[in-house]
file my_file08.csv (CSV, C-alpha atoms)
chain,number,residue,atom,x,y,z
L,1,MET,CA,12.5,8.2,1.0
L,2,SER,CA,10.2,7.0,3.9
L,3,VAL,CA,10.2,3.5,5.2
L,4,ALA,CA,7.9,1.6,7.6
L,5,VAL,CA,8.1,-2.0,8.7
L,6,LEU,CA,6.2,-4.1,11.2
L,7,GLU,CA,6.7,-7.7,12.5
L,8,PRO,CA,3.1,-8.4,13.5
L,9,ARG,CA,3.8,-11.5,15.6
L,10,ASN,CA,5.5,-9.4,18.3
L,11,GLY,CA,4.5,-5.8,17.4
L,12,ARG,CA,8.0,-4.6,16.7
L,13,ARG,CA,7.8,-1.7,14.3
L,14,ALA,CA,10.1,0.9,12.8
L,15,VAL,CA,9.2,4.1,10.9
L,16,TYR,CA,11.6,6.4,9.1
L,17,GLY,CA,10.4,9.6,7.6
L,18,SER,CA,7.1,11.4,8.3
L,19,GLN,CA,6.8,13.4,5.1
L,20,ALA,CA,3.9,12.9,2.7
L,21,HIS,CA,4.6,11.3,-0.7
L,22,VAL,CA,2.6,11.0,-3.9
L,23,THR,CA,1.1,7.5,-4.0
L,24,ALA,CA,0.8,6.9,-7.7
L,25,SER,CA,-0.7,3.4,-8.1
L,26,LEU,CA,-0.2,2.6,-4.4
L,27,ALA,CA,-3.5,4.4,-3.9
L,28,LYS,CA,-5.3,1.5,-5.6
L,29,VAL,CA,-5.2,-0.6,-2.5
L,30,ASN,CA,-6.8,2.3,-0.6
L,31,ILE,CA,-9.5,2.7,-3.3
L,32,LEU,CA,-10.3,-1.0,-3.1
L,33,ALA,CA,-10.6,-0.8,0.7
L,34,ALA,CA,-12.9,2.1,0.4
L,35,LEU,CA,-15.1,0.1,-2.1
L,36,LEU,CA,-15.3,-2.8,0.3
L,37,LEU,CA,-16.2,-0.7,3.2
L,38,ARG,CA,-19.0,0.8,1.2
L,39,ALA,CA,-20.2,-2.6,0.3
L,40,GLN,CA,-20.0,-3.7,4.0
L,41,ARG,CA,-22.2,-0.7,5.0
L,42,GLU,CA,-24.7,-1.7,2.3
L,43,ARG,CA,-24.6,-5.3,3.6
L,44,ARG,CA,-23.7,-6.8,0.3
L,45,SER,CA,-21.0,-8.5,-1.7
L,46,LEU,CA,-19.2,-6.8,-4.6
L,47,THR,CA,-21.0,-7.0,-7.9
L,48,PRO,CA,-19.4,-8.8,-10.8
L,49,TRP,CA,-18.6,-5.4,-12.3
L,50,GLU,CA,-16.9,-4.2,-9.1
L,51,THR,CA,-15.0,-7.4,-8.7
L,52,GLY,CA,-13.7,-7.4,-12.3
L,53,ASN,CA,-12.5,-3.8,-12.1
L,54,ALA,CA,-11.0,-4.4,-8.7
L,55,ALA,CA,-9.0,-7.4,-9.9
L,56,ALA,CA,-7.7,-5.5,-12.9
L,57,MET,CA,-6.9,-2.5,-10.8
L,58,ILE,CA,-4.7,-4.4,-8.3
L,59,GLN,CA,-3.3,-7.3,-10.3
L,60,SER,CA,-2.6,-5.4,-13.6
L,61,SER,CA,-2.6,-1.9,-12.1
L,62,ASP,CA,-5.1,-1.0,-14.8
L,63,ASN,CA,-5.8,2.7,-14.8
L,64,ASP,CA,-9.1,2.6,-16.6
L,65,SER,CA,-10.5,0.3,-14.0
L,66,THR,CA,-9.2,2.6,-11.3
L,67,ASP,CA,-10.8,5.6,-12.9
L,68,ALA,CA,-14.1,3.8,-12.9
L,69,LEU,CA,-13.9,2.7,-9.3
L,70,TRP,CA,-12.6,6.1,-8.2
L,71,ARG,CA,-15.8,7.7,-9.5
L,72,HIS,CA,-17.8,4.8,-8.0
L,73,ILE,CA,-16.6,5.4,-4.5
L,74,GLY,CA,-17.2,9.2,-4.8
L,75,GLY,CA,-13.7,10.3,-5.6
L,76,GLY,CA,-11.6,12.1,-3.1
L,77,PRO,CA,-14.5,12.7,-0.6
L,78,GLY,CA,-15.3,8.9,-0.7
L,79,LEU,CA,-11.7,8.0,-0.1
L,80,THR,CA,-11.4,10.5,2.8
L,81,ASP,CA,-14.5,9.1,4.4
L,82,ALA,CA,-13.1,5.5,4.2
L,83,ASN,CA,-9.8,6.6,5.6
L,84,ARG,CA,-11.5,8.0,8.7
L,85,THR,CA,-12.8,4.4,9.3
L,86,LEU,CA,-9.4,2.9,8.5
L,87,GLY,CA,-7.5,5.2,10.8
L,88,LEU,CA,-5.4,6.9,8.1
L,89,THR,CA,-4.9,10.4,9.5
L,90,SER,CA,-2.2,11.8,7.2
L,91,THR,CA,-3.5,10.8,3.7
L,92,GLN,CA,-4.9,13.5,1.5
L,93,ALA,CA,-6.9,12.3,-1.5
L,94,GLY,CA,-5.9,13.5,-4.9
L,95,PRO,CA,-7.8,16.4,-6.5
L,96,GLY,CA,-10.7,15.7,-8.9
L,97,PRO,CA,-10.0,12.6,-11.0
L,98,ASN,CA,-6.3,12.5,-10.0
L,99,TRP,CA,-6.3,9.6,-7.6
L,100,GLY,CA,-2.6,9.0,-8.4
L,101,LEU,CA,-1.8,12.4,-6.8
L,102,THR,CA,-3.1,11.2,-3.4
L,103,ARG,CA,-0.5,12.0,-0.8
L,104,THR,CA,0.3,9.7,2.1
L,105,THR,CA,2.9,8.8,4.7
L,106,ALA,CA,4.7,5.5,5.3
L,107,ALA,CA,3.0,5.2,8.7
L,108,ASP,CA,-0.5,5.6,7.2
L,109,GLN,CA,0.2,2.9,4.6
L,110,LEU,CA,1.5,0.6,7.3
L,111,ALA,CA,-1.9,1.2,9.1
L,112,LEU,CA,-3.6,0.3,5.8
L,113,LEU,CA,-1.6,-2.9,5.5
L,114,THR,CA,-2.5,-3.8,9.0
L,115,ALA,CA,-6.2,-3.3,8.3
L,116,VAL,CA,-5.8,-5.5,5.2
L,117,PHE,CA,-3.8,-8.3,6.8
L,118,ALA,CA,-4.7,-8.4,10.5
L,119,ALA,CA,-7.8,-8.6,12.7
L,120,PRO,CA,-9.5,-6.8,14.4
L,121,SER,CA,-10.0,-4.5,11.4
L,122,PRO,CA,-12.8,-2.3,9.9
L,123,LEU,CA,-12.6,-4.6,6.9
L,124,SER,CA,-14.4,-7.9,7.3
L,125,GLU,CA,-12.6,-11.2,6.9
L,126,ALA,CA,-14.1,-11.7,3.4
L,127,SER,CA,-13.0,-8.2,2.4
L,128,ARG,CA,-9.4,-8.7,3.7
L,129,ARG,CA,-9.2,-12.1,2.0
L,130,LEU,CA,-10.2,-10.5,-1.4
L,131,ILE,CA,-7.6,-7.8,-1.2
L,132,GLN,CA,-4.9,-10.3,-0.1
L,133,THR,CA,-5.8,-12.6,-3.0
L,134,PHE,CA,-5.5,-9.8,-5.6
L,135,MET,CA,-2.2,-8.6,-4.0
L,136,GLY,CA,-0.8,-12.1,-4.3
L,137,ARG,CA,-1.6,-12.3,-8.0
L,138,ILE,CA,0.3,-9.3,-9.3
L,139,ASP,CA,1.3,-9.5,-13.0
L,140,ALA,CA,4.8,-10.9,-13.4
L,141,ASP,CA,6.3,-7.7,-14.8
L,142,GLN,CA,5.3,-5.9,-11.6
L,143,ASP,CA,6.9,-8.4,-9.2
L,144,TRP,CA,9.4,-6.0,-7.7
L,145,GLY,CA,9.8,-3.8,-4.7
L,146,VAL,CA,9.2,-5.3,-1.2
L,147,SER,CA,9.2,-8.8,-2.7
L,148,ALA,CA,13.0,-8.5,-2.8
L,149,ALA,CA,13.0,-8.6,1.0
L,150,GLY,CA,11.5,-12.1,1.3
L,151,SER,CA,9.2,-14.7,-0.2
L,152,HIS,CA,5.5,-15.6,-0.4
L,153,TRP,CA,4.7,-11.9,-0.9
L,154,GLN,CA,1.5,-10.0,-1.5
L,155,LEU,CA,2.2,-6.5,-2.7
L,156,LYS,CA,1.2,-3.4,-4.7
L,157,ASN,CA,3.6,-1.0,-6.4
L,158,GLY,CA,3.3,2.6,-7.6
L,159,TRP,CA,5.4,4.4,-10.2
L,160,LEU,CA,5.0,7.8,-11.8
L,161,PRO,CA,7.4,10.1,-13.8
L,162,ARG,CA,6.9,13.7,-12.6
L,163,ARG,CA,6.9,16.2,-15.5
L,164,HIS,CA,8.2,19.2,-13.7
L,165,SER,CA,11.3,17.4,-12.4
L,166,GLN,CA,11.8,14.6,-14.9
L,167,ARG,CA,12.3,12.3,-11.8
L,168,TRP,CA,10.4,9.2,-10.7
L,169,VAL,CA,8.1,8.4,-7.8
L,170,ILE,CA,8.7,4.7,-7.0
L,171,ASN,CA,6.6,3.1,-4.1
L,172,SER,CA,6.1,-0.4,-2.9
L,173,MET,CA,4.2,-2.0,0.0
L,174,GLY,CA,3.0,-5.4,1.0
L,175,ARG,CA,3.5,-8.5,3.2
L,176,VAL,CA,6.6,-10.7,2.9
L,177,GLU,CA,8.0,-13.7,4.7
L,178,ALA,CA,11.6,-13.6,5.7
L,179,HIS,CA,13.9,-15.0,8.4
L,180,GLY,CA,11.1,-17.3,9.6
L,181,SER,CA,8.7,-14.4,10.2
L,182,THR,CA,6.2,-12.2,8.5
L,183,PHE,CA,6.7,-8.5,7.9
L,184,TYR,CA,4.5,-5.7,6.6
L,185,LEU,CA,6.6,-3.3,4.6
L,186,VAL,CA,6.1,0.2,3.1
L,187,ILE,CA,8.7,2.0,1.0
L,188,LEU,CA,7.8,5.5,-0.4
L,189,SER,CA,10.3,7.4,-2.6
L,190,HIS,CA,10.7,10.2,-5.1
L,191,GLY,CA,13.5,11.8,-7.0
L,192,SER,CA,14.9,8.8,-8.8
L,193,ARG,CA,16.6,9.5,-12.2
L,194,THR,CA,15.0,6.5,-13.8
L,195,MET,CA,12.4,3.9,-13.0
L,196,SER,CA,15.0,1.1,-12.8
L,197,HIS,CA,17.2,3.1,-10.4
L,198,GLY,CA,14.1,3.8,-8.2
L,199,ILE,CA,13.2,0.1,-8.1
L,200,SER,CA,16.7,-0.9,-7.1
L,201,THR,CA,16.7,1.8,-4.4
L,202,VAL,CA,13.4,0.7,-3.0
L,203,GLU,CA,14.4,-3.0,-3.1
L,204,ARG,CA,17.6,-2.3,-1.1
L,205,ALA,CA,15.6,-0.2,1.4
L,206,ALA,CA,13.1,-3.1,1.8
L,207,GLN,CA,15.9,-5.6,2.4
L,208,SER,CA,17.7,-3.3,4.9
L,209,ALA,CA,14.5,-2.6,6.8
L,210,VAL,CA,13.8,-6.3,7.4
L,211,HIS,CA,17.4,-7.0,8.3
L,212,ALA,CA,17.5,-4.0,10.7
L,213,LEU,CA,14.4,-5.1,12.5
L,214,CYS,CA,15.7,-8.7,12.8
L,215,SER,CA,19.0,-7.5,14.1
L,216,THR,CA,17.6,-5.0,16.7
L,217,PRO,CA,16.6,-6.1,20.2
L,218,PRO,CA,13.0,-5.5,21.1
L,219,PRO,CA,12.6,-1.7,21.7
L,220,VAL,CA,11.0,-0.3,24.8
L,221,PRO,CA,8.8,2.2,22.8
L,222,PRO,CA,6.5,0.7,20.1
L,223,ILE,CA,7.9,2.9,17.4
L,224,ILE,CA,11.5,3.6,16.4
L,225,HIS,CA,11.8,7.0,14.7

call {"tool": "encode", "arguments": {"input": "my_file08.csv", "output": "structure tokens"}}
result
Amino acid sequence: MSVAVLEPRNGRRAVYGSQAHVTASLAKVNILAALLLRAQRERRSLTPWETGNAAAMIQSSDNDSTDALWRHIGGGPGLTDANRTLGLTSTQAGPGPNWGLTRTTAADQLALLTAVFAAPSPLSEASRRLIQTFMGRIDADQDWGVSAAGSHWQLKNGWLPRRHSQRWVINSMGRVEAHGSTFYLVILSHGSRTMSHGISTVERAAQSAVHALCSTPPPVPPIIH
């Protein structure tokens, strides 16, 4: 498991684990950010087709919509190009059509959340607002993960059974309000025996990360490893 948490109002941040994890559907936020950066370069808004697929991709985690947008942004090379702009230095795009096999670190996903929720950002205010809106309208059956750490959440989850190990990848990231403050949270995990076990583990980690940051005096360095 890897965990990253940031309290943006004061910059307090903690990161545990530097290894790369398979993203599964967590990659969908990255794909949408890449789509929006492309539209910004072209000085245009998203088309109705792009908007409809983006909404289905984030809110319902629809894979067909994701496949279409993955091709639309240029697949792995398109994602890699966007990540240079976003400052994601340890994310490797999935091979060919396999966007779900993109590998990333908790620190990189925390950087992505910061680009989505805070200014200044390579993403325009309108682009950030669109991603935030979709992440706040996740289908009810996908309301789990970092949402367990607080309230008024905006999130995206990823889950994937690995054939070779018969174990689950379970990931969650987003923004939550807790203890009178706002937190950006990333939990990446693999090796769970079942999906439900993985979700419980991720939720406990999210709660512990927020509690630990609230209980820890402000650190001298900006990152606690």

call {"tool": "closest_residue", "arguments": {"input": "my_file08.csv", "among": "L:Ala106, L:Ala39, L:Ile31, L:Val116", "to": "L:Ser172", "atoms": "only C-alpha atoms"}}
result
L:Ala106

call {"tool": "closest_residue", "arguments": {"input": "my_file08.csv", "among": "L:Arg163, L:Arg193, L:Arg175, L:Arg43", "to": "L:Ala4", "atoms": "all atoms listed in the file"}}
result
L:Arg175

call {"tool": "atom_distance", "arguments": {"input": "my_file08.csv", "atom1": "atom CA of L:Met135", "atom2": "atom CA of L:Lys156"}}
result
6.3 Å

call {"tool": "atom_distance", "arguments": {"input": "my_file08.csv", "atom1": "atom CA of L:His197", "atom2": "atom CA of L:Ile170"}}
result
9.3 Å

call {"tool": "residues_around", "arguments": {"input": "my_file08.csv", "residues": "L:Val169", "least_positions_apart": "5", "cutoff": "12 Å", "atoms": "all atoms listed in the file", "output": "NGL selection string"}}
result
:L and (1-2 or 21-26 or 100-101 or 103 or 157-163 or 187-199 or 201-202)

call {"tool": "residues_around", "arguments": {"input": "my_file08.csv", "residues": "stretch 53-66 of chain L", "least_positions_apart": "6", "cutoff": "6 Å", "atoms": "all atoms listed in the file", "output": "count of residues only"}}
result
4

call {"tool": "closest_residue", "arguments": {"input": "my_file08.csv", "among": "L:Glu177, L:Leu69, L:Leu36, L:Val210", "to": "L:Trp153", "atoms": "all atoms listed in the file"}}
result
L:Glu177

call {"tool": "atom_distance", "arguments": {"input": "my_file08.csv", "atom1": "atom CA of L:Ser151", "atom2": "atom CA of L:Val176"}}
result
5.7 Å

call {"tool": "residues_around", "arguments": {"input": "my_file08.csv", "residues": "L:Val5", "least_positions_apart": "2", "cutoff": "6 Å", "atoms": "all atoms listed in the file", "output": "PDB file with C-alpha atoms, keeping the file's coordinate frame"}}
result
ATOM      1  CA  ARG L  13       7.800  -1.700  14.300  1.00  0.00           C
ATOM      2  CA  ALA L  14      10.100   0.900  12.800  1.00  0.00           C
ATOM      3  CA  TYR L 184       4.500  -5.700   6.600  1.00  0.00           C
ATOM      4  CA  LEU L 185       6.600  -3.300   4.600  1.00  0.00           C
TER       5      LEU L 185
END

call {"tool": "closest_residue", "arguments": {"input": "my_file08.csv", "among": "L:Ala68, L:Leu123, L:Ile131, L:Leu86", "to": "L:Leu32", "atoms": "all atoms listed in the file"}}
result
L:Ile131

call {"tool": "residues_near_point", "arguments": {"input": "my_file08.csv", "point": "(-7.1, -6.3, 12.2)", "cutoff": "12 Å", "atoms": "all atoms listed in the file", "output": "list in words"}}
result
Pro8, Leu86, Gly87, Ala111, Leu112, Leu113, Thr114, Ala115, Val116, Phe117, Ala118, Ala119, Pro120, Ser121, Pro122, Leu123, Ser124, Glu125, Ser127, Arg128 and Arg129 of chain L

call {"tool": "closest_residue", "arguments": {"input": "my_file08.csv", "among": "L:Gly174, L:Gly52, L:Gly180, L:Gly78", "to": "L:Leu6", "atoms": "all atoms listed in the file"}}
result
L:Gly174

call {"tool": "closest_residue", "arguments": {"input": "my_file08.csv", "among": "L:Thr105, L:Ser200, L:Gln166, L:Ser181", "to": "L:Val15", "atoms": "all atoms listed in the file"}}
result
L:Thr105

call {"tool": "residues_around", "arguments": {"input": "my_file08.csv", "residues": "L:Trp99", "least_positions_apart": "3", "cutoff": "8 Å", "atoms": "only C-alpha atoms", "output": "PDB file with C-alpha atoms, in the frame of the given file"}}
result
ATOM      1  CA  ALA L  24       0.800   6.900  -7.700  1.00  0.00           C
ATOM      2  CA  ALA L  27      -3.500   4.400  -3.900  1.00  0.00           C
ATOM      3  CA  TRP L  70     -12.600   6.100  -8.200  1.00  0.00           C
ATOM      4  CA  GLY L  75     -13.700  10.300  -5.600  1.00  0.00           C
ATOM      5  CA  GLY L  76     -11.600  12.100  -3.100  1.00  0.00           C
ATOM      6  CA  ALA L  93      -6.900  12.300  -1.500  1.00  0.00           C
ATOM      7  CA  GLY L  94      -5.900  13.500  -4.900  1.00  0.00           C
ATOM      8  CA  PRO L  95      -7.800  16.400  -6.500  1.00  0.00           C
ATOM      9  CA  GLY L  96     -10.700  15.700  -8.900  1.00  0.00           C
ATOM     10  CA  THR L 102      -3.100  11.200  -3.400  1.00  0.00           C
TER      11      THR L 102
END

call {"tool": "build_atoms", "arguments": {"input": "my_file08.csv", "residues": "stretch 198-216 of chain L", "atoms": "N, CA and C atoms", "output": "PDB file, keeping the file's coordinate frame"}}
result
ATOM      1  N   GLY L 198      15.066   3.718  -9.363  1.00  0.00           N
ATOM      2  CA  GLY L 198      14.100   3.800  -8.200  1.00  0.00           C
ATOM      3  C   GLY L 198      13.768   2.443  -7.694  1.00  0.00           C
ATOM      4  N   ILE L 199      13.539   1.484  -8.582  1.00  0.00           N
ATOM      5  CA  ILE L 199      13.200   0.100  -8.100  1.00  0.00           C
ATOM      6  C   ILE L 199      14.347  -0.474  -7.352  1.00  0.00           C
ATOM      7  N   SER L 200      15.569  -0.325  -7.849  1.00  0.00           N
ATOM      8  CA  SER L 200      16.700  -0.900  -7.100  1.00  0.00           C
ATOM      9  C   SER L 200      16.870  -0.236  -5.750  1.00  0.00           C
ATOM     10  N   THR L 201      16.634   1.058  -5.663  1.00  0.00           N
ATOM     11  CA  THR L 201      16.700   1.800  -4.400  1.00  0.00           C
ATOM     12  C   THR L 201      15.678   1.269  -3.407  1.00  0.00           C
ATOM     13  N   VAL L 202      14.453   1.128  -3.896  1.00  0.00           N
ATOM     14  CA  VAL L 202      13.400   0.700  -3.000  1.00  0.00           C
ATOM     15  C   VAL L 202      13.624  -0.772  -2.567  1.00  0.00           C
ATOM     16  N   GLU L 203      14.137  -1.613  -3.447  1.00  0.00           N
ATOM     17  CA  GLU L 203      14.400  -3.000  -3.100  1.00  0.00           C
ATOM     18  C   GLU L 203      15.511  -3.085  -2.004  1.00  0.00           C
ATOM     19  N   ARG L 204      16.544  -2.270  -2.156  1.00  0.00           N
ATOM     20  CA  ARG L 204      17.600  -2.300  -1.100  1.00  0.00           C
ATOM     21  C   ARG L 204      17.064  -1.759   0.197  1.00  0.00           C
ATOM     22  N   ALA L 205      16.197  -0.769   0.148  1.00  0.00           N
ATOM     23  CA  ALA L 205      15.600  -0.200   1.400  1.00  0.00           C
ATOM     24  C   ALA L 205      14.741  -1.297   2.064  1.00  0.00           C
ATOM     25  N   ALA L 206      13.979  -2.052   1.281  1.00  0.00           N
ATOM     26  CA  ALA L 206      13.100  -3.100   1.800  1.00  0.00           C
ATOM     27  C   ALA L 206      13.976  -4.178   2.524  1.00  0.00           C
ATOM     28  N   GLN L 207      15.037  -4.590   1.858  1.00  0.00           N
ATOM     29  CA  GLN L 207      15.900  -5.600   2.400  1.00  0.00           C
ATOM     30  C   GLN L 207      16.586  -5.081   3.722  1.00  0.00           C
ATOM     31  N   SER L 208      17.026  -3.839   3.697  1.00  0.00           N
ATOM     32  CA  SER L 208      17.700  -3.300   4.900  1.00  0.00           C
ATOM     33  C   SER L 208      16.715  -3.114   6.036  1.00  0.00           C
ATOM     34  N   ALA L 209      15.462  -2.748   5.748  1.00  0.00           N
ATOM     35  CA  ALA L 209      14.500  -2.600   6.800  1.00  0.00           C
ATOM     36  C   ALA L 209      14.198  -3.871   7.535  1.00  0.00           C
ATOM     37  N   VAL L 210      14.027  -4.950   6.783  1.00  0.00           N
ATOM     38  CA  VAL L 210      13.800  -6.300   7.400  1.00  0.00           C
ATOM     39  C   VAL L 210      14.995  -6.712   8.187  1.00  0.00           C
ATOM     40  N   HIS L 211      16.167  -6.554   7.610  1.00  0.00           N
ATOM     41  CA  HIS L 211      17.400  -7.000   8.300  1.00  0.00           C
ATOM     42  C   HIS L 211      17.589  -6.186   9.585  1.00  0.00           C
ATOM     43  N   ALA L 212      17.332  -4.870   9.532  1.00  0.00           N
ATOM     44  CA  ALA L 212      17.500  -4.000  10.700  1.00  0.00           C
ATOM     45  C   ALA L 212      16.573  -4.436  11.837  1.00  0.00           C
ATOM     46  N   LEU L 213      15.344  -4.745  11.493  1.00  0.00           N
ATOM     47  CA  LEU L 213      14.400  -5.100  12.500  1.00  0.00           C
ATOM     48  C   LEU L 213      14.747  -6.476  13.120  1.00  0.00           C
ATOM     49  N   CYS L 214      15.261  -7.382  12.295  1.00  0.00           N
ATOM     50  CA  CYS L 214      15.700  -8.700  12.800  1.00  0.00           C
ATOM     51  C   CYS L 214      16.914  -8.581  13.680  1.00  0.00           C
ATOM     52  N   SER L 215      17.765  -7.595  13.402  1.00  0.00           N
ATOM     53  CA  SER L 215      19.000  -7.500  14.100  1.00  0.00           C
ATOM     54  C   SER L 215      18.936  -6.588  15.354  1.00  0.00           C
ATOM     55  N   THR L 216      17.785  -5.963  15.559  1.00  0.00           N
ATOM     56  CA  THR L 216      17.600  -5.000  16.700  1.00  0.00           C
ATOM     57  C   THR L 216      16.897  -5.685  17.814  1.00  0.00           C
TER      58      THR L 216
END
